[in-house]
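A.B. asks: One file is attached below, structure04.pdb, containing PDB, C-alpha atoms, pLDDT in the B column.
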```pdb
ATOM      1  CA  VAL C   1      84.199 -16.183  -5.993  1.00 87.00           C
ATOM      2  CA  LEU C   2      84.869 -14.707  -2.554  1.00 90.00           C
ATOM      3  CA  LYS C   3      84.128 -17.022   0.354  1.00 88.00           C
ATOM      4  CA  PHE C   4      83.487 -15.547   3.802  1.00 86.00           C
ATOM      5  CA  LEU C   5      81.139 -16.061   6.759  1.00 82.00           C
ATOM      6  CA  GLY C   6      80.004 -19.340   5.197  1.00 84.00           C
ATOM      7  CA  ARG C   7      78.796 -17.497   2.108  1.00 87.00           C
ATOM      8  CA  GLU C   8      79.962 -16.962  -1.427  1.00 89.00           C
ATOM      9  CA  LEU C   9      80.033 -13.683  -3.321  1.00 91.00           C
ATOM     10  CA  ARG C  10      80.414 -14.071  -7.069  1.00 94.00           C
ATOM     11  CA  VAL C  11      82.739 -11.583  -8.759  1.00 96.00           C
ATOM     12  CA  PRO C  12      81.831 -11.562 -12.485  1.00 96.00           C
ATOM     13  CA  LYS C  13      85.248 -10.285 -13.567  1.00 97.00           C
ATOM     14  CA  ALA C  14      88.421  -9.266 -11.792  1.00 97.00           C
ATOM     15  CA  VAL C  15      91.874  -8.173 -12.910  1.00 96.00           C
ATOM     16  CA  GLY C  16      94.383  -7.825 -10.105  1.00 95.00           C
ATOM     17  CA  THR C  17      92.814  -5.604  -7.454  1.00 95.00           C
ATOM     18  CA  THR C  18      90.074  -4.309  -9.776  1.00 97.00           C
ATOM     19  CA  ALA C  19      86.595  -5.883  -9.882  1.00 97.00           C
ATOM     20  CA  PHE C  20      83.857  -5.391 -12.461  1.00 98.00           C
ATOM     21  CA  PHE C  21      80.136  -5.585 -11.605  1.00 98.00           C
ATOM     22  CA  ALA C  22      76.791  -4.659 -13.083  1.00 98.00           C
ATOM     23  CA  PHE C  23      74.446  -2.718 -10.784  1.00 98.00           C
ATOM     24  CA  LYS C  24      72.124  -5.732 -10.606  1.00 97.00           C
ATOM     25  CA  ASP C  25      74.990  -7.916  -9.311  1.00 97.00           C
ATOM     26  CA  LEU C  26      75.457  -5.774  -6.209  1.00 97.00           C
ATOM     27  CA  CYS C  27      72.177  -3.971  -5.599  1.00 97.00           C
ATOM     28  CA  ALA C  28      69.408  -6.215  -6.943  1.00 95.00           C
ATOM     29  CA  LYS C  29      70.548  -9.218  -4.906  1.00 94.00           C
ATOM     30  CA  PRO C  30      70.231  -9.690  -1.132  1.00 92.00           C
ATOM     31  CA  LEU C  31      73.640  -8.275  -0.176  1.00 94.00           C
ATOM     32  CA  SER C  32      74.606  -6.212   2.855  1.00 92.00           C
ATOM     33  CA  ALA C  33      77.374  -3.989   4.160  1.00 94.00           C
ATOM     34  CA  ALA C  34      79.282  -7.140   5.212  1.00 94.00           C
ATOM     35  CA  ASP C  35      79.371  -8.256   1.569  1.00 95.00           C
ATOM     36  CA  TYR C  36      80.518  -4.829   0.428  1.00 96.00           C
ATOM     37  CA  LEU C  37      83.232  -4.753   3.111  1.00 96.00           C
ATOM     38  CA  GLU C  38      84.509  -8.104   1.857  1.00 96.00           C
ATOM     39  CA  LEU C  39      84.790  -6.595  -1.624  1.00 96.00           C
ATOM     40  CA  CYS C  40      86.798  -3.731  -0.126  1.00 96.00           C
ATOM     41  CA  ARG C  41      89.160  -6.181   1.572  1.00 95.00           C
ATOM     42  CA  ASN C  42      89.911  -7.788  -1.793  1.00 95.00           C
ATOM     43  CA  PHE C  43      89.765  -4.940  -4.305  1.00 97.00           C
ATOM     44  CA  ASP C  44      90.915  -1.325  -4.339  1.00 96.00           C
ATOM     45  CA  THR C  45      88.988  -0.308  -7.479  1.00 97.00           C
ATOM     46  CA  LEU C  46      85.473  -1.216  -8.516  1.00 97.00           C
ATOM     47  CA  PHE C  47      83.751  -0.766 -11.865  1.00 98.00           C
ATOM     48  CA  LEU C  48      79.969  -0.522 -11.465  1.00 98.00           C
ATOM     49  CA  MET C  49      78.065  -0.571 -14.739  1.00 98.00           C
ATOM     50  CA  ASP C  50      74.483   0.241 -15.723  1.00 97.00           C
ATOM     51  CA  ILE C  51      73.266   2.136 -12.658  1.00 98.00           C
ATOM     52  CA  PRO C  52      69.577   2.838 -13.350  1.00 97.00           C
ATOM     53  CA  LYS C  53      67.395   5.730 -12.257  1.00 95.00           C
ATOM     54  CA  MET C  54      65.835   4.613  -8.963  1.00 92.00           C
ATOM     55  CA  THR C  55      62.408   5.440  -7.570  1.00 86.00           C
ATOM     56  CA  ALA C  56      60.353   4.581  -4.517  1.00 78.00           C
ATOM     57  CA  GLU C  57      59.346   1.427  -6.399  1.00 82.00           C
ATOM     58  CA  THR C  58      62.993   0.293  -6.358  1.00 87.00           C
ATOM     59  CA  LEU C  59      63.620   1.388  -2.787  1.00 86.00           C
ATOM     60  CA  VAL C  60      65.347  -1.853  -1.757  1.00 89.00           C
ATOM     61  CA  GLU C  61      67.877  -1.492  -4.573  1.00 93.00           C
ATOM     62  CA  ALA C  62      68.297   2.206  -3.748  1.00 92.00           C
ATOM     63  CA  ARG C  63      69.030   1.384  -0.102  1.00 91.00           C
ATOM     64  CA  ARG C  64      71.614  -1.204  -1.145  1.00 95.00           C
ATOM     65  CA  PHE C  65      73.176   1.322  -3.527  1.00 96.00           C
ATOM     66  CA  ILE C  66      73.394   3.866  -0.690  1.00 95.00           C
ATOM     67  CA  THR C  67      75.052   1.254   1.541  1.00 95.00           C
ATOM     68  CA  LEU C  68      77.446   0.259  -1.240  1.00 98.00           C
ATOM     69  CA  ILE C  69      78.541   3.838  -1.912  1.00 97.00           C
ATOM     70  CA  ASP C  70      78.891   4.577   1.823  1.00 97.00           C
ATOM     71  CA  THR C  71      81.080   1.487   2.221  1.00 97.00           C
ATOM     72  CA  LEU C  72      83.262   2.214  -0.807  1.00 97.00           C
ATOM     73  CA  TYR C  73      83.655   5.829   0.296  1.00 97.00           C
ATOM     74  CA  ASP C  74      84.555   4.967   3.903  1.00 96.00           C
ATOM     75  CA  GLN C  75      87.052   2.321   2.768  1.00 96.00           C
ATOM     76  CA  LYS C  76      88.628   4.627   0.156  1.00 96.00           C
ATOM     77  CA  ILE C  77      87.840   2.354  -2.788  1.00 97.00           C
ATOM     78  CA  GLY C  78      88.131   3.818  -6.273  1.00 97.00           C
ATOM     79  CA  LEU C  79      84.837   3.733  -8.164  1.00 97.00           C
ATOM     80  CA  ILE C  80      84.334   3.974 -11.912  1.00 97.00           C
ATOM     81  CA  CYS C  81      80.720   3.709 -12.997  1.00 96.00           C
ATOM     82  CA  THR C  82      78.207   4.202 -15.740  1.00 97.00           C
ATOM     83  CA  ALA C  83      74.637   5.353 -15.186  1.00 96.00           C
ATOM     84  CA  THR C  84      71.587   6.183 -17.234  1.00 94.00           C
ATOM     85  CA  VAL C  85      71.395   9.676 -15.688  1.00 95.00           C
ATOM     86  CA  PRO C  86      73.725  12.104 -13.849  1.00 95.00           C
ATOM     87  CA  PRO C  87      74.230  11.478 -10.084  1.00 94.00           C
ATOM     88  CA  HIS C  88      71.722  14.111  -8.921  1.00 92.00           C
ATOM     89  CA  GLU C  89      68.991  12.417 -11.011  1.00 93.00           C
ATOM     90  CA  LEU C  90      69.619   8.844  -9.839  1.00 93.00           C
ATOM     91  CA  PHE C  91      66.834   8.831  -7.260  1.00 90.00           C
ATOM     92  CA  THR C  92      63.284  10.135  -7.453  1.00 83.00           C
ATOM     93  CA  ALA C  93      61.314   9.664  -4.254  1.00 69.00           C
ATOM     94  CA  ALA C  94      57.865  10.191  -5.746  1.00 63.00           C
ATOM     95  CA  PRO C  95      56.136   6.876  -6.453  1.00 54.00           C
ATOM     96  CA  SER C  96      52.691   6.671  -7.944  1.00 52.00           C
ATOM     97  CA  ARG C  97      50.295   7.943  -5.268  1.00 55.00           C
ATOM     98  CA  ALA C  98      48.129   4.795  -5.321  1.00 57.00           C
ATOM     99  CA  ARG C  99      51.105   2.465  -4.984  1.00 60.00           C
ATOM    100  CA  GLN C 100      52.588   4.577  -2.194  1.00 60.00           C
ATOM    101  CA  GLN C 101      49.349   4.512  -0.234  1.00 64.00           C
ATOM    102  CA  GLN C 102      48.997   0.764  -0.696  1.00 66.00           C
ATOM    103  CA  GLU C 103      52.584   0.075   0.456  1.00 63.00           C
ATOM    104  CA  LEU C 104      52.266   2.384   3.446  1.00 65.00           C
ATOM    105  CA  ARG C 105      48.953   0.800   4.464  1.00 66.00           C
ATOM    106  CA  VAL C 106      50.498  -2.691   4.360  1.00 66.00           C
ATOM    107  CA  LEU C 107      53.530  -1.555   6.361  1.00 63.00           C
ATOM    108  CA  MET C 108      51.365   0.244   8.936  1.00 64.00           C
ATOM    109  CA  ASP C 109      49.131  -2.836   9.242  1.00 69.00           C
ATOM    110  CA  ASP C 110      52.204  -5.010   9.782  1.00 65.00           C
ATOM    111  CA  LEU C 111      53.356  -2.667  12.530  1.00 67.00           C
ATOM    112  CA  ASP C 112      49.838  -2.324  13.987  1.00 70.00           C
ATOM    113  CA  ILE C 113      49.839   1.447  13.505  1.00 70.00           C
ATOM    114  CA  ASN C 114      46.588   3.310  12.880  1.00 69.00           C
ATOM    115  CA  GLU C 115      46.452   6.008  10.230  1.00 65.00           C
ATOM    116  CA  GLY C 116      46.429   9.418  11.887  1.00 63.00           C
ATOM    117  CA  ALA C 117      48.266   8.180  14.992  1.00 58.00           C
ATOM    118  CA  ALA C 118      51.289  10.192  16.073  1.00 56.00           C
ATOM    119  CA  ASN C 119      53.708   7.440  15.047  1.00 53.00           C
ATOM    120  CA  SER C 120      52.175   7.242  11.556  1.00 49.00           C
ATOM    121  CA  GLN C 121      54.177  10.370  10.657  1.00 51.00           C
ATOM    122  CA  ALA C 122      57.582   8.725  11.247  1.00 52.00           C
ATOM    123  CA  SER C 123      60.167   9.266   8.517  1.00 50.00           C
ATOM    124  CA  ILE C 124      59.998   5.561   7.623  1.00 52.00           C
ATOM    125  CA  PHE C 125      56.597   6.298   6.073  1.00 49.00           C
ATOM    126  CA  THR C 126      57.497   9.527   4.304  1.00 52.00           C
ATOM    127  CA  GLY C 127      60.705   8.549   2.466  1.00 60.00           C
ATOM    128  CA  GLU C 128      62.564  11.421   4.159  1.00 66.00           C
ATOM    129  CA  GLU C 129      65.355   9.134   5.361  1.00 73.00           C
ATOM    130  CA  GLU C 130      66.022   7.857   1.851  1.00 73.00           C
ATOM    131  CA  ILE C 131      65.978  11.380   0.419  1.00 78.00           C
ATOM    132  CA  PHE C 132      68.554  12.545   2.990  1.00 83.00           C
ATOM    133  CA  ALA C 133      70.681   9.412   2.504  1.00 88.00           C
ATOM    134  CA  PHE C 134      70.551   9.767  -1.259  1.00 89.00           C
ATOM    135  CA  GLU C 135      71.594  13.416  -1.078  1.00 91.00           C
ATOM    136  CA  ARG C 136      74.637  12.241   0.902  1.00 94.00           C
ATOM    137  CA  THR C 137      75.242   9.519  -1.699  1.00 95.00           C
ATOM    138  CA  VAL C 138      75.151  12.038  -4.558  1.00 94.00           C
ATOM    139  CA  SER C 139      77.591  14.248  -2.664  1.00 95.00           C
ATOM    140  CA  ARG C 140      79.910  11.289  -2.155  1.00 96.00           C
ATOM    141  CA  LEU C 141      79.662  10.205  -5.788  1.00 96.00           C
ATOM    142  CA  LEU C 142      80.669  13.704  -6.869  1.00 95.00           C
ATOM    143  CA  GLU C 143      83.547  13.779  -4.384  1.00 96.00           C
ATOM    144  CA  MET C 144      84.678  10.317  -5.529  1.00 96.00           C
ATOM    145  CA  GLN C 145      85.205  11.751  -9.031  1.00 94.00           C
ATOM    146  CA  GLY C 146      87.828  14.178  -7.795  1.00 94.00           C
ATOM    147  CA  GLU C 147      91.600  13.980  -7.821  1.00 95.00           C
ATOM    148  CA  GLU C 148      91.793  14.481  -4.048  1.00 95.00           C
ATOM    149  CA  TYR C 149      89.650  11.400  -3.397  1.00 95.00           C
ATOM    150  CA  TRP C 150      91.643   9.258  -5.853  1.00 94.00           C
ATOM    151  CA  ASN C 151      94.898  10.400  -4.250  1.00 92.00           C
ATOM    152  CA  SER C 152      93.527   9.495  -0.808  1.00 92.00           C
ATOM    153  CA  CYS C 153      92.597   6.036  -2.161  1.00 90.00           C
ATOM    154  CA  HIS C 154      96.118   5.520  -3.430  1.00 80.00           C
ATOM    155  CA  THR C 155      97.612   6.693  -0.119  1.00 84.00           C
ATOM    156  CA  ALA C 156      95.258   4.505   1.948  1.00 81.00           C
ATOM    157  CA  HIS C 157      95.993   1.380  -0.089  1.00 78.00           C
ATOM    158  CA  ALA C 158      99.753   2.028  -0.246  1.00 75.00           C
ATOM    159  CA  SER C 159      99.896   2.259   3.561  1.00 70.00           C
ATOM    160  CA  GLU C 160      97.723  -0.887   3.809  1.00 69.00           C
ATOM    161  CA  GLN C 161     100.222  -2.770   1.617  1.00 66.00           C
ATOM    162  CA  THR C 162     103.084  -1.531   3.804  1.00 64.00           C
ATOM    163  CA  ARG C 163     101.380  -2.901   6.938  1.00 62.00           C
ATOM    164  CA  ARG C 164     100.988  -6.352   5.357  1.00 58.00           C
TER
END
```
Would you mind giving the structure from this file in structure tokens?

C.D. replies:
Amino acid sequence: VLKFLGRELRVPKAVGTTAFFAFKDLCAKPLSAADYLELCRNFDTLFLMDIPKMTAETLVEARRFITLIDTLYDQKIGLICTATVPPHELFTAAPSRARQQQELRVLMDDLDINEGAANSQASIFTGEEEIFAFERTVSRLLEMQGEEYWNSCHTAHASEQTRR
């Protein structure tokens, strides 16, 4: 268990500087970039198991996954993962039309936005932001598989150990 900012983050399994998580442990719980940064401060390699195919219906989990991958990438953390589909198939933005309309209507009502108004076309309502962010995530996942990325992880963590 990692303790920081008055919170606890449960690590299911760890060996040295390697931590093991299921997707649901990190992306289906209310975690943020601060939690992911704390993982990066304590581990240099992360195993992430059972990444599912995500859709607009699992948008919250998809956003957390995007944040997790961005954080791991920026901090040069090694990632080994398993998924139900290849990286480019991990996210499908098309929800059922009825569900999408219902969710958008509720969100627009909450924000007091009328359908057809200029601000009703913002990317928050179209899923464009998530599509762009997920394309970046797929690109990063592919890069994180390469030898150059793994070498940069090793170099970054070796210099970090030297500074300590």

A.B. asks: Please list as an mmCIF file with C-alpha atoms, keeping the file's coordinate frame every residue within 10 Å of segment 12-15 of chain C, counting all atoms listed in the file and excluding residues in the same chain fewer than 2 positions away.

C.D. replies:
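Output below, filename around08.cif:
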```
data_model
loop_
_atom_site.group_PDB
_atom_site.id
_atom_site.type_symbol
_atom_site.label_atom_id
_atom_site.label_comp_id
_atom_site.auth_asym_id
_atom_site.auth_seq_id
_atom_site.Cartn_x
_atom_site.Cartn_y
_atom_site.Cartn_z
ATOM 1 C CA VAL C 1 84.199 -16.183 -5.993
ATOM 2 C CA LEU C 9 80.033 -13.683 -3.321
ATOM 3 C CA ARG C 10 80.414 -14.071 -7.069
ATOM 4 C CA THR C 17 92.814 -5.604 -7.454
ATOM 5 C CA THR C 18 90.074 -4.309 -9.776
ATOM 6 C CA ALA C 19 86.595 -5.883 -9.882
ATOM 7 C CA PHE C 20 83.857 -5.391 -12.461
ATOM 8 C CA PHE C 21 80.136 -5.585 -11.605
ATOM 9 C CA ALA C 22 76.791 -4.659 -13.083
ATOM 10 C CA ASP C 25 74.990 -7.916 -9.311
ATOM 11 C CA PHE C 43 89.765 -4.940 -4.305
ATOM 12 C CA THR C 45 88.988 -0.308 -7.479
ATOM 13 C CA LEU C 46 85.473 -1.216 -8.516
ATOM 14 C CA PHE C 47 83.751 -0.766 -11.865
#
```

A.B. asks: Which residue out of C:Gln75, C:Thr67, C:Asn42, C:Thr58 has the minimum interatomic distance to Trp150 of chain C when only C-alpha atoms are used?

C.D. replies: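 Among C:Gln75, C:Thr67, C:Asn42, C:Thr58, it is C:Gln75 that comes nearest to Trp150 of chain C.
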
A.B. asks: I'd like the interatomic distance between atom CA of Glu143 of chain C and atom CA of His88 of chain C, to a tenth of an Å.

C.D. replies: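 Going from atom CA of Glu143 of chain C over to atom CA of His88 of chain C, I get 12.7 Å.
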
A.B. asks: When you draw a straight line from atom CA of Arg64 of chain C to atom CA of Arg41 of chain C, how long is it in Å?

C.D. replies: 18.4 Å

A.B. asks: Report, in Å to a single decimal, how far apart atom CA of Leu26 of chain C and atom CA of Glu61 of chain C are.

C.D. replies: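 These atoms are spaced 8.9 Å apart.
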
A.B. asks: Once the PyMOL selection byres ((chain C and resi 8) around 12) is applied to the coordinates I shared, what remains selected? I want it as an mmCIF file with C-alpha atoms, in the frame of the given file.

C.D. replies:
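Generated file (result15.cif):
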```cif
data_model
loop_
_atom_site.group_PDB
_atom_site.id
_atom_site.type_symbol
_atom_site.label_atom_id
_atom_site.label_comp_id
_atom_site.auth_asym_id
_atom_site.auth_seq_id
_atom_site.Cartn_x
_atom_site.Cartn_y
_atom_site.Cartn_z
ATOM 1 C CA VAL C 1 84.199 -16.183 -5.993
ATOM 2 C CA LEU C 2 84.869 -14.707 -2.554
ATOM 3 C CA LYS C 3 84.128 -17.022 0.354
ATOM 4 C CA PHE C 4 83.487 -15.547 3.802
ATOM 5 C CA LEU C 5 81.139 -16.061 6.759
ATOM 6 C CA GLY C 6 80.004 -19.340 5.197
ATOM 7 C CA ARG C 7 78.796 -17.497 2.108
ATOM 8 C CA LEU C 9 80.033 -13.683 -3.321
ATOM 9 C CA ARG C 10 80.414 -14.071 -7.069
ATOM 10 C CA VAL C 11 82.739 -11.583 -8.759
ATOM 11 C CA LEU C 31 73.640 -8.275 -0.176
ATOM 12 C CA ALA C 34 79.282 -7.140 5.212
ATOM 13 C CA ASP C 35 79.371 -8.256 1.569
ATOM 14 C CA GLU C 38 84.509 -8.104 1.857
ATOM 15 C CA LEU C 39 84.790 -6.595 -1.624
#
```

A.B. asks: Nearest residue to Tyr73 of chain C out of C:Met54, C:Gly16, C:Cys27, C:Cys40, using all atoms listed in the file?

C.D. replies: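 Closest to Tyr73 of chain C, using all atoms listed in the file: C:Cys40.
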
A.B. asks: Compare C:Lys53, C:Lys29, C:Arg63, C:Lys76 by their minimum atom-to-atom distance to His157 of chain C, counting all atoms listed in the file, and give me the closest one.

C.D. replies: C:Lys76

A.B. asks: What would the selection look like, as a ChimeraX atom specification, if the PyMOL selection byres ((chain C and resi 91) around 7) were run on the coordinates I just shared?

C.D. replies: /C:53-55,89-90,92-93

A.B. asks: Please produce a file of the residues just selected, as a short mmCIF file (atom, residue, chain, number, x, y, z; two decimals), in the coordinates of the input, where the atoms kept are C-alpha atoms.

C.D. replies:
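Here's the written file out.cif:
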```cif
data_model
loop_
_atom_site.label_atom_id
_atom_site.label_comp_id
_atom_site.auth_asym_id
_atom_site.auth_seq_id
_atom_site.Cartn_x
_atom_site.Cartn_y
_atom_site.Cartn_z
CA LYS C 53 67.40 5.73 -12.26
CA MET C 54 65.83 4.61 -8.96
CA THR C 55 62.41 5.44 -7.57
CA GLU C 89 68.99 12.42 -11.01
CA LEU C 90 69.62 8.84 -9.84
CA THR C 92 63.28 10.14 -7.45
CA ALA C 93 61.31 9.66 -4.25
#
```

A.B. asks: Just so the selection is clear, what residues does the PyMOL selection byres ((chain C and resi 87) around 10) cover here, as an MDAnalysis selection string?

C.D. replies: chainID C and resid 51 53 83:86 88:91 134:135 137:142

A.B. asks: What are the centre and edge lengths in Å, to one decimal, of the axis-aligned box around all listed atoms of segment 74-85 of chain C with 4 Å added on each side, as lines of an AutoDock Vina configuration file?

C.D. replies:
```
center_x = 80.0
center_y = 6.0
center_z = -6.7
size_x = 25.2
size_y = 15.4
size_z = 29.1
```

A.B. asks: Measuring atom to atom with all atoms listed in the file, identify which of C:Glu147, C:Asp50, C:Glu57, C:Asp44 is nearest to Gly78 of chain C.

C.D. replies: C:Asp44

A.B. asks: Between C:Val60, C:Tyr36, C:Pro30, C:Ile69, which one has atoms that come closest to Arg136 of chain C, using all atoms listed in the file?

C.D. replies: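 Once distances to Arg136 of chain C are computed over all atoms listed in the file, the minimum belongs to C:Ile69.
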
A.B. asks: Because some atoms of segment 54-67 of chain C are absent here, can you restore N, CA and C atoms and send them as a PDB file, in the coordinates of the input?

C.D. replies:
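Listed below is the output, result_39.pdb:
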```
ATOM      1  N   MET C  54      66.581   5.324 -10.002  1.00 92.00           N
ATOM      2  CA  MET C  54      65.835   4.613  -8.963  1.00 92.00           C
ATOM      3  C   MET C  54      64.671   5.464  -8.473  1.00 92.00           C
ATOM      4  N   THR C  55      63.606   4.780  -8.077  1.00 86.00           N
ATOM      5  CA  THR C  55      62.408   5.440  -7.570  1.00 86.00           C
ATOM      6  C   THR C  55      61.983   4.761  -6.277  1.00 86.00           C
ATOM      7  N   ALA C  56      60.887   5.217  -5.720  1.00 78.00           N
ATOM      8  CA  ALA C  56      60.353   4.581  -4.517  1.00 78.00           C
ATOM      9  C   ALA C  56      59.967   3.135  -4.799  1.00 78.00           C
ATOM     10  N   GLU C  57      59.685   2.809  -6.050  1.00 82.00           N
ATOM     11  CA  GLU C  57      59.346   1.427  -6.399  1.00 82.00           C
ATOM     12  C   GLU C  57      60.567   0.519  -6.355  1.00 82.00           C
ATOM     13  N   THR C  58      61.760   1.083  -6.445  1.00 87.00           N
ATOM     14  CA  THR C  58      62.993   0.293  -6.358  1.00 87.00           C
ATOM     15  C   THR C  58      63.771   0.679  -5.098  1.00 87.00           C
ATOM     16  N   LEU C  59      63.032   0.904  -4.035  1.00 86.00           N
ATOM     17  CA  LEU C  59      63.620   1.388  -2.787  1.00 86.00           C
ATOM     18  C   LEU C  59      64.639   0.416  -2.200  1.00 86.00           C
ATOM     19  N   VAL C  60      64.403  -0.874  -2.301  1.00 89.00           N
ATOM     20  CA  VAL C  60      65.347  -1.853  -1.757  1.00 89.00           C
ATOM     21  C   VAL C  60      66.690  -1.728  -2.476  1.00 89.00           C
ATOM     22  N   GLU C  61      66.646  -1.653  -3.805  1.00 93.00           N
ATOM     23  CA  GLU C  61      67.877  -1.492  -4.573  1.00 93.00           C
ATOM     24  C   GLU C  61      68.543  -0.160  -4.253  1.00 93.00           C
ATOM     25  N   ALA C  62      67.747   0.892  -4.085  1.00 92.00           N
ATOM     26  CA  ALA C  62      68.297   2.206  -3.748  1.00 92.00           C
ATOM     27  C   ALA C  62      69.000   2.167  -2.395  1.00 92.00           C
ATOM     28  N   ARG C  63      68.397   1.504  -1.424  1.00 91.00           N
ATOM     29  CA  ARG C  63      69.030   1.384  -0.102  1.00 91.00           C
ATOM     30  C   ARG C  63      70.345   0.620  -0.192  1.00 91.00           C
ATOM     31  N   ARG C  64      70.361  -0.453  -0.973  1.00 95.00           N
ATOM     32  CA  ARG C  64      71.614  -1.204  -1.145  1.00 95.00           C
ATOM     33  C   ARG C  64      72.662  -0.339  -1.833  1.00 95.00           C
ATOM     34  N   PHE C  65      72.247   0.436  -2.834  1.00 96.00           N
ATOM     35  CA  PHE C  65      73.176   1.322  -3.527  1.00 96.00           C
ATOM     36  C   PHE C  65      73.763   2.344  -2.550  1.00 96.00           C
ATOM     37  N   ILE C  66      72.933   2.917  -1.707  1.00 95.00           N
ATOM     38  CA  ILE C  66      73.394   3.866  -0.690  1.00 95.00           C
ATOM     39  C   ILE C  66      74.424   3.196   0.208  1.00 95.00           C
ATOM     40  N   THR C  67      74.131   1.989   0.670  1.00 95.00           N
ATOM     41  CA  THR C  67      75.052   1.254   1.541  1.00 95.00           C
ATOM     42  C   THR C  67      76.355   0.944   0.812  1.00 95.00           C
TER      43      THR C  67
END
```
